[in-house]
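Here the structure comes first, spelled out in structure tokens, and everything after it is commentary.
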Amino acid sequence: MRYIEKNNPPEYLLAWKNKQKQAGCNLLYNDFPYKERLNNDLRKEQHCICCYCQRKMDHFQGDLVRGSHNEHLYPENIPGDQLSHDLQVEYSNIYACCIDSRGCEKRLQYCGEIKSNNKIPHLIQDPECSNYFRYNILGEIIPNGFYGTWEDYMNNEKELEGSLYEAFLCIKMLNLNCITLKLYRYQILQSFITVISQWTADKLDSYISSYERAAEYQELINMKLQYMRQRYHILTK
Ligand SMILES: [Zn+2]
């Protein structure tokens, strides 16, 4: 998971909000007519990866594979919750999120599909977000702390505090270590490690920079950056 730098709200969103206000209408996401256009802008803003799992997205709704929806970080449908109502069409609260696991049984759902109306820590709005997570060799995403496996973190949940606990909650509530995501990451990581083990420090350095600057990010960019940096440090220490 990584920090997502938001652009200014698009003009068509601001214009629609003004029009609704002038007409005395509530600002409800369901009434917003430019959902696909908004999604296109959000995907571009996020360099084409899901705000939570970092899988690729290339379209709005439709086909589940690489499909996406407009995700409300603070949930949009909590009955009686004023903030939930107020943030429905607030650009800073809306992100593009994968829908790959839609229709799967609960244990295999992840990201926005499993989150539903639950509130998660807003780490993707924190510039330090990437530092709170790491990826182990099993393909698991874990809090960037003492323990080495997700099972260890699950068994020691009560000890966790601060950003470690917030990272733990995000992973748990978004089910980011469900078997499909874990295996997916594991397979990509195995071949990625084989490839980068052949690279020189200069090549690693250049790829790290180009990954960070790309308009379209590599899938699972944080995992790949972590392993490239580890390799770079081994070669240069
Ligand atoms: Zn996702």
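Order determines the names: the first chain of the structure tokens is A, the second B, and so forth; residues in each chain are numbered 1 upward, and ligands are numbered 1 upward as they are shown.
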
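Residues in contact with ligand 1 (atom pairs separated by at most 8 Å; only C-alpha atoms and all ligand atoms) are Ile49, Cys50, Cys51, Tyr52, Cys53, Gln54, Arg55, Cys97, Cys98, Ile99, Asp100, Tyr110, Cys111 and Gly112 of chain A.
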
Hey, can you spit out that residue selection with C-alpha atoms as a PDB file, in the first residue's frame?
ATOM      1  CA  ILE A  49      -3.107   0.385  -9.829  1.00  0.00           C
ATOM      2  CA  CYS A  50      -5.678  -0.423  -7.125  1.00  0.00           C
ATOM      3  CA  CYS A  51      -5.497   1.902  -4.126  1.00  0.00           C
ATOM      4  CA  TYR A  52      -5.196  -1.083  -1.754  1.00  0.00           C
ATOM      5  CA  CYS A  53      -3.755  -4.230  -3.394  1.00  0.00           C
ATOM      6  CA  GLN A  54      -1.770  -2.593  -6.242  1.00  0.00           C
ATOM      7  CA  ARG A  55      -3.154  -4.883  -8.927  1.00  0.00           C
ATOM      8  CA  CYS A  97     -10.285   0.213  -6.431  1.00  0.00           C
ATOM      9  CA  CYS A  98     -10.188  -3.219  -8.077  1.00  0.00           C
ATOM     10  CA  ILE A  99     -13.300  -5.389  -8.417  1.00  0.00           C
ATOM     11  CA  ASP A 100     -11.484  -8.634  -9.312  1.00  0.00           C
ATOM     12  CA  TYR A 110     -10.532  -8.395  -0.856  1.00  0.00           C
ATOM     13  CA  CYS A 111     -10.113  -4.615  -1.156  1.00  0.00           C
ATOM     14  CA  GLY A 112     -13.345  -2.632  -1.550  1.00  0.00           C
TER      15      GLY A 112
END

- Item | Within 8 Å of His85 in chain A using only C-alpha atoms, minus same-chain residues under 4 positions, as a list in words |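 Counting only the stated atoms, we get Leu28, Glu76, Asn77, Ile78 and Asp81 of chain A.
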
- Task: Counting only C-alpha atoms, figure out which residue out of A:Leu225, A:Glu71, A:Lys35, A:Cys104 gets nearest to Ser206 in chain A.
- Result: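 Smallest distance to Ser206 in chain A is found for A:Leu225.
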
- Query: Quick one, how far is CA of Cys178 in chain A from CA of Leu108 in chain A?
  - Reply: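 So the answer is 5.9 Å.
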
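The two atoms in question, CA of Lys119 in chain A and CA of Lys56 in chain A, are spaced 23.9 Å apart.
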
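Every protein, DNA or RNA residue with an atom at most 12 Å from Thr180 in chain A, where only C-alpha atoms count and chain neighbours fewer than 4 positions away do not, is listed here: Cys53, Asp100, Ser101, Cys104, Glu105, Arg107, Leu108, Gln109, Tyr110, Gly139, Glu140, Asn175, Leu176, Tyr184, Arg185, Tyr186 and Gln187 of chain A.
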
Deliver the residues from the most recent selection as a file, using N, CA and C atoms, as a CSV table (one decimal), in the first residue's frame.
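Full text of again_15.csv as output:
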chain,number,residue,atom,x,y,z
A,53,CYS,N,-4.6,-3.0,-3.1
A,53,CYS,CA,-3.8,-4.2,-3.4
A,53,CYS,C,-2.7,-4.0,-4.5
A,100,ASP,N,-11.8,-7.3,-8.9
A,100,ASP,CA,-11.5,-8.6,-9.3
A,100,ASP,C,-12.2,-9.7,-8.5
A,101,SER,N,-12.4,-9.4,-7.2
A,101,SER,CA,-12.9,-10.5,-6.3
A,101,SER,C,-14.4,-10.4,-6.1
A,104,CYS,N,-17.0,-13.5,-5.4
A,104,CYS,CA,-16.3,-14.6,-4.8
A,104,CYS,C,-16.9,-14.9,-3.4
A,105,GLU,N,-16.7,-16.1,-2.8
A,105,GLU,CA,-17.1,-16.3,-1.5
A,105,GLU,C,-16.4,-15.3,-0.5
A,107,ARG,N,-14.4,-15.4,2.0
A,107,ARG,CA,-13.0,-15.5,2.4
A,107,ARG,C,-12.0,-15.2,1.3
A,108,LEU,N,-12.6,-15.1,0.0
A,108,LEU,CA,-11.7,-14.8,-1.1
A,108,LEU,C,-12.0,-13.4,-1.6
A,109,GLN,N,-12.8,-12.6,-0.9
A,109,GLN,CA,-13.0,-11.2,-1.3
A,109,GLN,C,-11.9,-10.4,-0.7
A,110,TYR,N,-11.5,-9.3,-1.4
A,110,TYR,CA,-10.5,-8.4,-0.9
A,110,TYR,C,-10.8,-7.0,-1.3
A,139,GLY,N,5.0,-14.1,0.0
A,139,GLY,CA,4.0,-13.3,-0.8
A,139,GLY,C,3.0,-12.6,0.1
A,140,GLU,N,3.3,-12.6,1.4
A,140,GLU,CA,2.3,-11.9,2.3
A,140,GLU,C,2.7,-10.4,2.5
A,175,ASN,N,-8.5,-7.9,3.8
A,175,ASN,CA,-8.2,-9.3,3.5
A,175,ASN,C,-7.1,-9.4,2.4
A,176,LEU,N,-6.1,-8.6,2.7
A,176,LEU,CA,-5.0,-8.5,1.7
A,176,LEU,C,-4.1,-9.8,1.7
A,184,TYR,N,-0.7,-15.1,-5.7
A,184,TYR,CA,-0.4,-14.2,-6.9
A,184,TYR,C,0.9,-13.5,-6.6
A,185,ARG,N,1.0,-12.9,-5.4
A,185,ARG,CA,2.2,-12.2,-5.1
A,185,ARG,C,3.4,-13.1,-5.1
A,186,TYR,N,3.2,-14.3,-4.5
A,186,TYR,CA,4.3,-15.3,-4.3
A,186,TYR,C,4.9,-15.6,-5.7
A,187,GLN,N,4.0,-15.9,-6.6
A,187,GLN,CA,4.4,-16.3,-8.0
A,187,GLN,C,5.2,-15.2,-8.7

- Message: I need the residue nearest Cys170 in chain A from this list: A:Lys237, A:His59, A:Lys115, A:Arg102. Use only C-alpha atoms for the distance.
- Response: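 Among the listed residues, A:Lys115 lies closest to Cys170 in chain A.
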
- Message: Let me make sure I understand: among A:Lys182, A:His233, A:Lys224, A:His122, which one has the smallest atom-to-atom distance to Val195 in chain A if we use only C-alpha atoms?
- Response: A:Lys224

- Message: Need to verify the contact set: Ala201 in chain A, 7 Å, only C-alpha atoms, exclusion of same-chain residues closer than 2 positions in sequence. Can you return it as a ChimeraX atom specification?
- Response: /A:199,203-205,232,235-236

- Selection near range 141-156 of chain A, 8 Å with only C-alpha atoms, sequence-local residues under 3 positions removed, as a ChimeraX atom specification: /A:131-136,159-160,164-165,167-168,171,176-177

- Task: Identify all residues of range 22-235 of chain A in strand (DSSP E) (DSSP on the backbone) and supply them as a list in words.
- Result: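 DSSP on the backbone gives strand (DSSP E) at His59, Phe60, Gly67, Ser68, His69, Asn70, Glu71, His72, Ile94, Tyr95, Ala96, Cys97, Cys98, Phe133, Arg134, Tyr135, Ile141, Ile142 and Pro143 of chain A.
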
- Query: Separation of CA of Ser210 in chain A and CA of Arg229 in chain A, in Å?
  - Reply: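 Computing the Euclidean distance for CA of Ser210 in chain A and CA of Arg229 in chain A yields 13.2 Å.
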
- Query: So which residues of range 66-234 of chain A fall under alpha helix (DSSP H) by DSSP, listed as a PyMOL selection string?
  - Reply: chain A and resi 82-86+112-115+150-155+162-173+179-196+201-213+221-234
